Amino acid sequence: MQFINRKKRLVPNPKTELYAQPLQFYGQPPLENISLSEFESFAVDRLKLLKTVENLGVSYVKHSEQYSKKMEAEFKTLNFPYRTEDGAEKRRKDHISHFILRLAYCQTEDLRRWFIQQEVDLFRYRFNDLTSKQKLDFLHKNNLQYNTISVQEKNQLKEKLLNSSYIVSGVTLENEDFYKVPFQDALDLVRARKVYLKDGYAFIPHNDIVTIVLNDFRTRLSKALALTARSLPAVHSDERLQPLLNHLSHSYLGQDYSIQKNVGKISLEQIDSLAGKSFPLCMRQLHQALRENHHLRHGGRMQYGLFLKGIGLSLEQALQFWRMEFIRGKVDADKFDKAYAYGIRHMFGKEGKRADYTPYSCMKVILSNPPGQGDYHEKLTPPLPELLKQKLQFYKVSPSGVNQILELVKGMHYQLACQKYFELTHNVSSDCDSAFSLSHPNQYFIESQKVLGGGKEMKRETDTSQRSQENPATRGSSAAPDPEVIESQHLAEMTENLETFFEDA
Amino acid sequence: MPSDYDPACLPDLLPLYYRRLFPFAQYYRWLSYGGVQKNYFQNREFSFTLKDDIYVRYQSFSTQSELEKEMQKMNPYKIDIGAVYSHRPSQHNTVKSGSFQALEKELVFDIDMTDYDDVRSCCSAADICSKCWTLMTIAIRILDRALREDFGFQHLLWVYSGRRGVHCWVCDEAARKLSAAARSAVAEYLSLIKGGEEMVKKVILTDPIHPFIRESLGVVKQYFPQYALHDQDILGRKESVDKILALVPEDVRRELQQLFQNERRPEQRWSQIKDQAKKKQATAKKGQHFEKEIMLQYCYPRLDVNVSKGVNHLLKSPFSVHPKTGRISVPMELKDLDKFDPFAVPTISLICEELDRPKADDEDKKSGDTKEKENENGVTEKRKNRDYKRTSLAKYVKCFDQFLDGMAQSWKGELLRKSDLQKEF
Ligand SMILES: [Zn+2]
């Protein structure tokens, strides 16, 4: 355990320099020494904040009034800098806590992905909250120079620019700057066809500049985490830091549904009825498609197979289940054993790399399956409002419920739509904060079974609003230990030089 | 003439094809990409489908001659090309797990006629005819334009799959380096048809109509009257008329049903639909693009996004033989796209037969012969070169050559840039 100050640096009043802006790009690691207790409390607070970002992101429409309100409240509760009124102290906390979590969350691909996603969402919220003057200042201070197009070019492309975005109108075009960036830097806008493309460049109106800045932020953070991961041996050799960091990273990723707790508790005969009662819509659709076509494509098999594994099917049951269904179609038993059994054993980690796969979370389902044609393995396939409507009616969802779900789908809030479907089919209401924030198909199943299992869980319904406000960080991850526990562990006071861990970053 | 192919003969024909006809030199030239990046060819995955559907993945070869020897030994029924990996795919088992990764691949598109079954009345499933082939022509025109003009790619290789579809290989360096997220974003940008079989209305346009959609509509408009109104007769028979009317708003539908009772000519009926759309657009605040939506639903390319988005997704190789039809998967010349006839693409039996025909007594051949005597080592190579030239495969190989020459220009630039960089150090 060594914290040697390898270099002494001359820093011209770093705080005023670093903390002059309400928002930063985290380009520079903290240069000061901090006590271990501060280290710890900063880390725990930022985790709470990020967990809130995650929960709000699935419970509310991003940037809706409610979302912003809750976000603001959380900033104040946890003492993070909100808007401009807050001074250097809180900005320092923002800065240092971000870097501590980089240490904890650089360790695996999954941790990095989770951390980046939450930090990006957090950054988007804060950036959008800036005034346009502050935004320009931010770009300037961080040396973010994006090429703008000339007035001539703008006039030349006027028609096309106007037709490429909803947010540009004839009036604003005159005064609006357009940035020209490689299309790879604006994938979200490209994907949704919300930007004009020419010769490999995207022409982004100033109003959408957050897209480029976020892309930049994401790229830098991802690179920095990779670099930090390399300096990890130094962290690992530190007896005091290492357990703390491990604890932090394990506590907050949400539940791991790959750990099979209910193996063998479900019989194959139950699946049809469970699909009707307790499967989220995406899985119900996959199940139905499988029963109808006696086949699913690879993506669908992975998704549904892992889900079934998560609800408790054993490997033997899974093999039996898939074989029975496939041989009803065009596949004979021999071909099944040759071509498909491998994949199923693979899911259970018995073949190939022997990786025990975790069932896909909603995030992964949505991210890895952007809507396409003719696919079953999708979460509330977005472009299918009519088909979805028919399905929901068939599932006996009330007309007003159908409309509510369709509205959410239209706005691409698939997780919310799914949650609504849960509420409607389980007769629970969301007037108070809903009992859980849906983030995983297996979580849906578990919650459904709880509700259907009897009054005990129904009662929980009423207390949760209170509980979730008290401690949003632990919601949805029952396995996570209470952060207060970590905080109360007494660790010796000592000084740290954080910077040593980020020397390459 | 080319319909003489008999799948039972394939095992006899393949050895001849791989020994004397397959354009190995061009193939190797393509996948080496000028040697700009080290081990680009060596780390490329090939997979072979052998007799009785035996599927062998993770093949890789260190040289052109190794590839040749292996293909001549295995005589694959089908060849697929995969990604360029971090290590040699043939050694993927010896690499520490997790470090064997797909790094690069061409951006590819796969368009298959079976995905159009709900909008063609001439054939279904794996069948194609000259009428529905127009759909492939339209698809190529639309995608080729967008990939070049919108995305700035230049080196696009369009290939007939040998049966019922086409593939596109975007070979620009920037395309080969795209992340999976970028690939799926490009594919999404290019996808307009949404929803599976059960979905009635598969295209819904909202204002403003994106320039990409306008451009695509421009292409569709050139083909629509002849293809849709005439060849497919979409406004002729009652069932097909009903399918079209299901795509317009209810009040318009009623009005059109009235009008159609006194009008049977498809062009006139189409004009009536357009008139209705114009009327609607004049009164409604926005939307109401049903005539455009119909055109797109019936003609716009249907992409398999999953094929395009994966870096490690395999796609059938050019110059592979289609085992069912015997046709060679050949590069397509876009200049003559409208004249491309899938049924005129040579089968393996045809070109093997052409080899046996008496040689034409031309200058080219004579000079070739003398050179052959001069250099013993070059014999096999030269004979092979001349061999395919005597068959109907020649013009497709020539097209491939031209494509490669175009790419060579950018390799040269890239190599120059690299050597300049080295000098600086
Ligand atoms: Zn046809």
# chains A, B, ... in the order shown; residues from 1 in each chain; ligands from 1

$ residues_near_ligand --ligand "ligand 1" --cutoff "7 Å" --atoms "only C-alpha atoms and all ligand atoms" --output "list in words"
Arg120, Cys122, Cys123, Asp127, Ile128, Cys129, Ser130, Lys131, Cys132 and Trp133 of chain B

$ residues_around --residues "A:Glu89" --least-positions-apart "3" --cutoff "10 Å" --atoms "only C-alpha atoms" --output "list in words"
Lys15, Tyr19, Asn79, Phe80, Pro81, Asp86, Arg92, Lys93, Asp94 and His95 of chain A

$ write_last_selection --atoms "N, CA and C atoms" --output "short mmCIF file (atom, residue, chain, number, x, y, z; two decimals), in the first residue's frame"
data_model
loop_
_atom_site.label_atom_id
_atom_site.label_comp_id
_atom_site.auth_asym_id
_atom_site.auth_seq_id
_atom_site.Cartn_x
_atom_site.Cartn_y
_atom_site.Cartn_z
N LYS A 15 -8.10 25.29 -7.91
CA LYS A 15 -9.55 25.27 -7.69
C LYS A 15 -10.29 26.34 -8.47
N TYR A 19 -12.72 24.97 -11.18
CA TYR A 19 -14.13 25.00 -10.78
C TYR A 19 -14.83 26.30 -11.13
N ASN A 79 -26.02 17.07 -2.47
CA ASN A 79 -24.99 18.12 -2.47
C ASN A 79 -24.11 18.13 -3.71
N PHE A 80 -24.74 17.97 -4.84
CA PHE A 80 -23.98 18.12 -6.07
C PHE A 80 -24.33 19.47 -6.69
N PRO A 81 -23.43 20.01 -7.49
CA PRO A 81 -23.66 21.36 -8.02
C PRO A 81 -24.85 21.40 -8.96
N ASP A 86 -24.23 27.25 -7.43
CA ASP A 86 -23.35 26.56 -6.50
C ASP A 86 -21.88 26.85 -6.75
N ARG A 92 -16.13 20.76 -6.80
CA ARG A 92 -14.99 19.91 -6.45
C ARG A 92 -15.49 18.48 -6.18
N LYS A 93 -16.59 18.39 -5.49
CA LYS A 93 -17.14 17.08 -5.18
C LYS A 93 -17.53 16.34 -6.47
N ASP A 94 -18.14 17.09 -7.38
CA ASP A 94 -18.53 16.52 -8.68
C ASP A 94 -17.29 15.95 -9.37
N HIS A 95 -16.26 16.75 -9.37
CA HIS A 95 -15.02 16.39 -10.06
C HIS A 95 -14.37 15.15 -9.44
#

$ closest_atom_pairs --of "chain B" --to "chain A" --cutoff "10 Å" --atoms "only C-alpha atoms" --output "CSV"
residue,atom,partner,partner_atom,distance
B:Asn93,CA,A:Gly352,CA,9.9
B:Ser97,CA,A:Lys353,CA,7.2
B:Gly98,CA,A:Lys353,CA,8.9
B:Asp115,CA,A:Gly374,CA,9.0
B:Ala146,CA,A:Lys198,CA,9.0
B:Leu147,CA,A:Gly200,CA,8.7
B:Arg148,CA,A:Asp199,CA,6.9
B:Glu149,CA,A:Asp199,CA,5.2
B:Asp150,CA,A:Lys198,CA,4.3
B:Phe151,CA,A:Gly200,CA,3.8
B:Gly152,CA,A:Asp199,CA,3.7
B:Phe153,CA,A:Gly200,CA,7.3
B:Gln154,CA,A:Asp199,CA,9.8
B:Ala174,CA,A:Gly200,CA,9.8
B:Leu178,CA,A:Gln184,CA,8.1
B:Ser179,CA,A:Gln184,CA,8.9
B:Ala180,CA,A:Ser368,CA,9.6
B:Ala181,CA,A:Leu187,CA,7.8
B:Ala182,CA,A:Gln184,CA,6.3
B:Arg183,CA,A:Leu187,CA,9.4
B:Ser184,CA,A:Arg191,CA,7.7
B:Ala185,CA,A:Arg191,CA,4.3
B:Val186,CA,A:Arg191,CA,6.4
B:Ala187,CA,A:Arg191,CA,7.8
B:Glu188,CA,A:Arg191,CA,5.3
B:Tyr189,CA,A:Arg191,CA,5.0
B:Leu190,CA,A:Arg191,CA,8.6
B:Ser191,CA,A:Gly372,CA,8.0
B:Leu192,CA,A:Gly372,CA,9.5
B:Ile193,CA,A:Gln373,CA,7.0
B:Lys194,CA,A:Gln373,CA,5.1
B:Gly195,CA,A:Gln373,CA,4.7
B:Gly196,CA,A:Gly374,CA,3.8
B:Glu197,CA,A:Gly374,CA,6.7
B:Glu198,CA,A:Leu387,CA,6.9
B:Met199,CA,A:Leu387,CA,6.1
B:Val200,CA,A:Glu386,CA,8.3
B:Lys201,CA,A:Glu386,CA,8.6
B:Lys202,CA,A:Pro383,CA,8.5
B:Val203,CA,A:Pro383,CA,9.3
B:Ile204,CA,A:Pro383,CA,9.3
B:Asp207,CA,A:Asn163,CA,8.0
B:Pro208,CA,A:Asn163,CA,5.1
B:Ile209,CA,A:Asn163,CA,6.0
B:His210,CA,A:Ser164,CA,5.0
B:Pro211,CA,A:Lys160,CA,5.9
B:Phe212,CA,A:Leu197,CA,8.3
B:Ile213,CA,A:Arg193,CA,9.6
B:Arg214,CA,A:Asn163,CA,9.9
B:Arg302,CA,A:Gln373,CA,8.3
B:Leu303,CA,A:Gln373,CA,8.2
B:Asp304,CA,A:Gln373,CA,7.7
B:Val305,CA,A:Gly372,CA,6.5
B:Asn306,CA,A:Gly372,CA,8.3
B:Lys309,CA,A:Ser368,CA,9.7

$ atom_distance --atom1 "atom CA of A:Asn293" --atom2 "atom CA of A:Gly329"
6.9 Å

$ residues_around --residues "stretch 137-140 of chain A" --least-positions-apart "3" --cutoff "12 Å" --atoms "only C-alpha atoms" --output "count of residues only"
26

$ atom_distance --atom1 "atom CA of B:Gln91" --atom2 "atom CA of B:Phe46"
12.9 Å

$ select_by_dssp --residues "stretch 85-277 of chain B" --states "alpha helix (DSSP H)" --output "PyMOL selection string"
chain B and resi 130-145+173-176+180-189+211-224+238-245+250-261+266-277

$ select_by_dssp --residues "stretch 15-195 of chain A" --states "strand (DSSP E or B)" --output "list in words"
Asn33, Ile34, Ser35, Thr148, Phe178, Tyr179, Lys180, Val181 and Pro182 of chain A

$ write_last_selection --atoms "C-alpha atoms" --output "PDB file, in the first residue's frame"
ATOM      1  CA  ASN A  33      -4.869  14.999  -1.531  1.00  0.00           C
ATOM      2  CA  ILE A  34      -8.085  13.917   0.071  1.00  0.00           C
ATOM      3  CA  SER A  35      -8.884  11.970   3.178  1.00  0.00           C
ATOM      4  CA  THR A 148     -19.493  25.365 -38.922  1.00  0.00           C
ATOM      5  CA  PHE A 178     -24.768  24.316 -38.662  1.00  0.00           C
ATOM      6  CA  TYR A 179     -21.894  22.031 -37.733  1.00  0.00           C
ATOM      7  CA  LYS A 180     -20.360  19.654 -40.193  1.00  0.00           C
ATOM      8  CA  VAL A 181     -19.084  16.435 -38.593  1.00  0.00           C
ATOM      9  CA  PRO A 182     -18.334  12.906 -39.850  1.00  0.00           C
TER      10      PRO A 182
END

$ atom_distance --atom1 "atom CA of B:Glu354" --atom2 "atom CA of B:Pro23"
16.2 Å

$ residues_around --residues "stretch 247-256 of chain B" --least-positions-apart "4" --cutoff "10 Å" --atoms "only C-alpha atoms" --output "mmCIF file with N, CA and C atoms, in the first residue's frame"
data_model
loop_
_atom_site.group_PDB
_atom_site.id
_atom_site.type_symbol
_atom_site.label_atom_id
_atom_site.label_comp_id
_atom_site.auth_asym_id
_atom_site.auth_seq_id
_atom_site.Cartn_x
_atom_site.Cartn_y
_atom_site.Cartn_z
ATOM 1 N N VAL B 200 -50.160 -4.178 -42.081
ATOM 2 C CA VAL B 200 -50.762 -3.795 -43.354
ATOM 3 C C VAL B 200 -49.984 -2.634 -43.974
ATOM 4 N N LYS B 201 -49.897 -1.564 -43.208
ATOM 5 C CA LYS B 201 -49.233 -0.374 -43.730
ATOM 6 C C LYS B 201 -47.798 -0.337 -43.229
ATOM 7 N N LYS B 202 -46.857 -0.480 -44.150
ATOM 8 C CA LYS B 202 -45.475 -0.659 -43.727
ATOM 9 C C LYS B 202 -44.636 0.605 -43.863
ATOM 10 N N VAL B 203 -45.198 1.638 -44.497
ATOM 11 C CA VAL B 203 -44.465 2.896 -44.623
ATOM 12 C C VAL B 203 -45.360 4.029 -44.155
ATOM 13 N N ILE B 204 -44.883 4.807 -43.215
ATOM 14 C CA ILE B 204 -45.645 5.982 -42.783
ATOM 15 C C ILE B 204 -44.724 7.195 -42.843
ATOM 16 N N ASP B 242 -57.824 -4.033 -53.670
ATOM 17 C CA ASP B 242 -58.203 -3.926 -52.258
ATOM 18 C C ASP B 242 -56.989 -3.722 -51.359
ATOM 19 N N LYS B 243 -55.911 -4.400 -51.714
ATOM 20 C CA LYS B 243 -54.689 -4.247 -50.909
ATOM 21 C C LYS B 243 -54.175 -2.807 -50.960
ATOM 22 N N PHE B 260 -63.407 3.911 -59.242
ATOM 23 C CA PHE B 260 -62.849 2.746 -59.938
ATOM 24 C C PHE B 260 -63.918 1.933 -60.657
ATOM 25 N N GLN B 261 -65.185 2.119 -60.251
ATOM 26 C CA GLN B 261 -66.236 1.353 -60.917
ATOM 27 C C GLN B 261 -66.354 1.731 -62.387
ATOM 28 N N ARG B 269 -56.427 4.911 -63.019
ATOM 29 C CA ARG B 269 -56.725 4.689 -61.602
ATOM 30 C C ARG B 269 -55.624 5.302 -60.717
ATOM 31 N N GLN B 272 -56.038 8.907 -60.447
ATOM 32 C CA GLN B 272 -57.111 9.245 -59.501
ATOM 33 C C GLN B 272 -56.605 9.194 -58.055
ATOM 34 N N ILE B 273 -55.778 8.203 -57.770
ATOM 35 C CA ILE B 273 -55.208 8.135 -56.411
ATOM 36 C C ILE B 273 -54.362 9.383 -56.139
ATOM 37 N N GLN B 276 -56.496 12.400 -55.508
ATOM 38 C CA GLN B 276 -57.050 12.361 -54.155
ATOM 39 C C GLN B 276 -56.010 12.821 -53.131
ATOM 40 N N ALA B 277 -54.795 12.370 -53.339
ATOM 41 C CA ALA B 277 -53.733 12.737 -52.402
ATOM 42 C C ALA B 277 -53.507 14.248 -52.433
ATOM 43 N N LYS B 279 -55.617 16.512 -53.268
ATOM 44 C CA LYS B 279 -56.769 17.170 -52.639
ATOM 45 C C LYS B 279 -56.617 17.158 -51.111
ATOM 46 N N LYS B 280 -56.280 15.995 -50.606
ATOM 47 C CA LYS B 280 -56.108 15.833 -49.161
ATOM 48 C C LYS B 280 -54.999 16.745 -48.628
ATOM 49 N N GLN B 288 -50.604 12.909 -44.863
ATOM 50 C CA GLN B 288 -51.350 12.609 -46.090
ATOM 51 C C GLN B 288 -50.448 12.403 -47.284
ATOM 52 N N HIS B 289 -49.487 11.508 -47.116
ATOM 53 C CA HIS B 289 -48.617 11.212 -48.250
ATOM 54 C C HIS B 289 -48.901 9.815 -48.765
ATOM 55 N N PHE B 290 -50.197 9.438 -48.781
ATOM 56 C CA PHE B 290 -50.447 8.018 -49.042
ATOM 57 C C PHE B 290 -50.001 7.536 -50.411
ATOM 58 N N GLU B 291 -50.008 8.412 -51.418
ATOM 59 C CA GLU B 291 -49.564 7.930 -52.743
ATOM 60 C C GLU B 291 -48.063 7.614 -52.712
ATOM 61 N N GLU B 293 -46.491 6.744 -49.962
ATOM 62 C CA GLU B 293 -46.348 5.556 -49.110
ATOM 63 C C GLU B 293 -46.625 4.276 -49.887
ATOM 64 N N ILE B 294 -47.607 4.331 -50.777
ATOM 65 C CA ILE B 294 -47.905 3.149 -51.601
ATOM 66 C C ILE B 294 -46.709 2.817 -52.488
ATOM 67 N N GLN B 297 -43.962 1.355 -50.325
ATOM 68 C CA GLN B 297 -44.276 0.025 -49.810
ATOM 69 C C GLN B 297 -44.128 -1.041 -50.891
#

$ residues_around --residues "B:Lys38" --least-positions-apart "4" --cutoff "12 Å" --atoms "only C-alpha atoms" --output "PDB file with C-alpha atoms, in the first residue's frame"
ATOM      1  CA  LEU B  31      -9.007  -9.130 -49.936  1.00  0.00           C
ATOM      2  CA  SER B  32      -5.418  -7.977 -49.456  1.00  0.00           C
ATOM      3  CA  TYR B  33      -6.473  -4.371 -50.053  1.00  0.00           C
ATOM      4  CA  GLY B  34      -3.077  -3.426 -51.401  1.00  0.00           C
ATOM      5  CA  GLN B  42      -4.219 -13.655 -43.365  1.00  0.00           C
ATOM      6  CA  ASN B  43      -6.609 -12.774 -40.534  1.00  0.00           C
ATOM      7  CA  ARG B  44      -9.735 -12.975 -42.650  1.00  0.00           C
ATOM      8  CA  SER B  62      -1.536 -17.104 -45.348  1.00  0.00           C
ATOM      9  CA  VAL B  84     -10.816  -9.679 -40.325  1.00  0.00           C
ATOM     10  CA  TYR B  85      -9.888 -10.825 -36.832  1.00  0.00           C
ATOM     11  CA  SER B  86      -7.239  -9.883 -34.331  1.00  0.00           C
ATOM     12  CA  HIS B  87      -5.550 -13.231 -34.891  1.00  0.00           C
TER      13      HIS B  87
END

$ residues_around --residues "A:Leu281" --least-positions-apart "2" --cutoff "7 Å" --atoms "only C-alpha atoms" --output "PyMOL selection string"
chain A and resi 279+283-285+380+418

$ residues_around --residues "B:His167" --least-positions-apart "6" --cutoff "8 Å" --atoms "only C-alpha atoms" --output "ChimeraX atom specification"
/B:108-111,158-161

$ write_last_selection --atoms "all heavy atoms" --output "tab-separated table (two decimals), in the first residue's frame"
chain	number	residue	atom	x	y	z
B	108	VAL	N	-21.85	-4.61	-45.37
B	108	VAL	CA	-22.55	-5.41	-46.37
B	108	VAL	C	-24.07	-5.25	-46.28
B	108	VAL	O	-24.61	-4.95	-45.21
B	108	VAL	CB	-22.20	-6.91	-46.24
B	108	VAL	CG1	-20.74	-7.16	-46.56
B	108	VAL	CG2	-22.56	-7.45	-44.87
B	109	PHE	N	-24.71	-5.45	-47.41
B	109	PHE	CA	-26.17	-5.45	-47.46
B	109	PHE	C	-26.64	-6.68	-48.22
B	109	PHE	O	-25.99	-7.11	-49.17
B	109	PHE	CB	-26.69	-4.18	-48.14
B	109	PHE	CG	-26.35	-2.94	-47.38
B	109	PHE	CD1	-25.20	-2.23	-47.67
B	109	PHE	CD2	-27.16	-2.51	-46.33
B	109	PHE	CE1	-24.86	-1.10	-46.94
B	109	PHE	CE2	-26.83	-1.38	-45.61
B	109	PHE	CZ	-25.68	-0.68	-45.92
B	110	ASP	N	-27.74	-7.21	-47.77
B	110	ASP	CA	-28.28	-8.42	-48.37
B	110	ASP	C	-29.74	-8.15	-48.70
B	110	ASP	O	-30.53	-7.82	-47.82
B	110	ASP	CB	-28.16	-9.57	-47.35
B	110	ASP	CG	-28.72	-10.87	-47.90
B	110	ASP	OD1	-29.07	-10.93	-49.10
B	110	ASP	OD2	-28.81	-11.84	-47.12
B	111	ILE	N	-30.08	-8.22	-49.96
B	111	ILE	CA	-31.47	-8.02	-50.35
B	111	ILE	C	-31.96	-9.30	-51.00
B	111	ILE	O	-31.35	-9.80	-51.94
B	111	ILE	CB	-31.62	-6.84	-51.32
B	111	ILE	CG1	-30.94	-5.61	-50.72
B	111	ILE	CG2	-33.09	-6.54	-51.58
B	111	ILE	CD1	-30.54	-4.63	-51.77
B	158	TRP	N	-21.41	-4.58	-56.19
B	158	TRP	CA	-22.73	-5.22	-56.20
B	158	TRP	C	-22.61	-6.59	-56.82
B	158	TRP	O	-21.98	-6.75	-57.86
B	158	TRP	CB	-23.73	-4.36	-57.00
B	158	TRP	CG	-24.14	-3.14	-56.25
B	158	TRP	CD1	-23.61	-1.89	-56.38
B	158	TRP	CD2	-25.15	-3.05	-55.25
B	158	TRP	NE1	-24.23	-1.02	-55.51
B	158	TRP	CE2	-25.19	-1.70	-54.81
B	158	TRP	CE3	-26.03	-3.96	-54.66
B	158	TRP	CZ2	-26.07	-1.25	-53.83
B	158	TRP	CZ3	-26.91	-3.51	-53.70
B	158	TRP	CH2	-26.93	-2.17	-53.28
B	159	VAL	N	-23.19	-7.58	-56.17
B	159	VAL	CA	-23.02	-8.96	-56.61
B	159	VAL	C	-24.38	-9.66	-56.67
B	159	VAL	O	-25.18	-9.55	-55.73
B	159	VAL	CB	-22.10	-9.71	-55.62
B	159	VAL	CG1	-21.91	-11.15	-56.05
B	159	VAL	CG2	-20.75	-9.02	-55.50
B	160	TYR	N	-24.60	-10.35	-57.77
B	160	TYR	CA	-25.80	-11.19	-57.87
B	160	TYR	C	-25.55	-12.44	-57.04
B	160	TYR	O	-24.49	-13.06	-57.15
B	160	TYR	CB	-26.05	-11.54	-59.35
B	160	TYR	CG	-27.11	-12.59	-59.56
B	160	TYR	CD1	-28.39	-12.44	-59.02
B	160	TYR	CD2	-26.84	-13.74	-60.30
B	160	TYR	CE1	-29.36	-13.40	-59.20
B	160	TYR	CE2	-27.81	-14.71	-60.50
B	160	TYR	CZ	-29.06	-14.55	-59.94
B	160	TYR	OH	-30.02	-15.51	-60.11
B	161	SER	N	-26.53	-12.82	-56.22
B	161	SER	CA	-26.28	-13.89	-55.27
B	161	SER	C	-26.29	-15.27	-55.90
B	161	SER	O	-25.89	-16.24	-55.28
B	161	SER	CB	-27.32	-13.84	-54.15
B	161	SER	OG	-28.54	-14.38	-54.63

$ closest_residue --among "A:His298, A:Gly343, A:Leu122, A:Ala43" --to "A:Tyr82" --atoms "only C-alpha atoms"
A:Leu122

$ closest_residue --among "B:Thr347, B:Thr206, B:Ser90, B:Asn312" --to "B:Ser329" --atoms "only C-alpha atoms"
B:Thr347

$ closest_residue --among "A:Gly312, A:Val263, A:Glu109, A:Cys282" --to "A:Gly300" --atoms "only C-alpha atoms"
A:Cys282
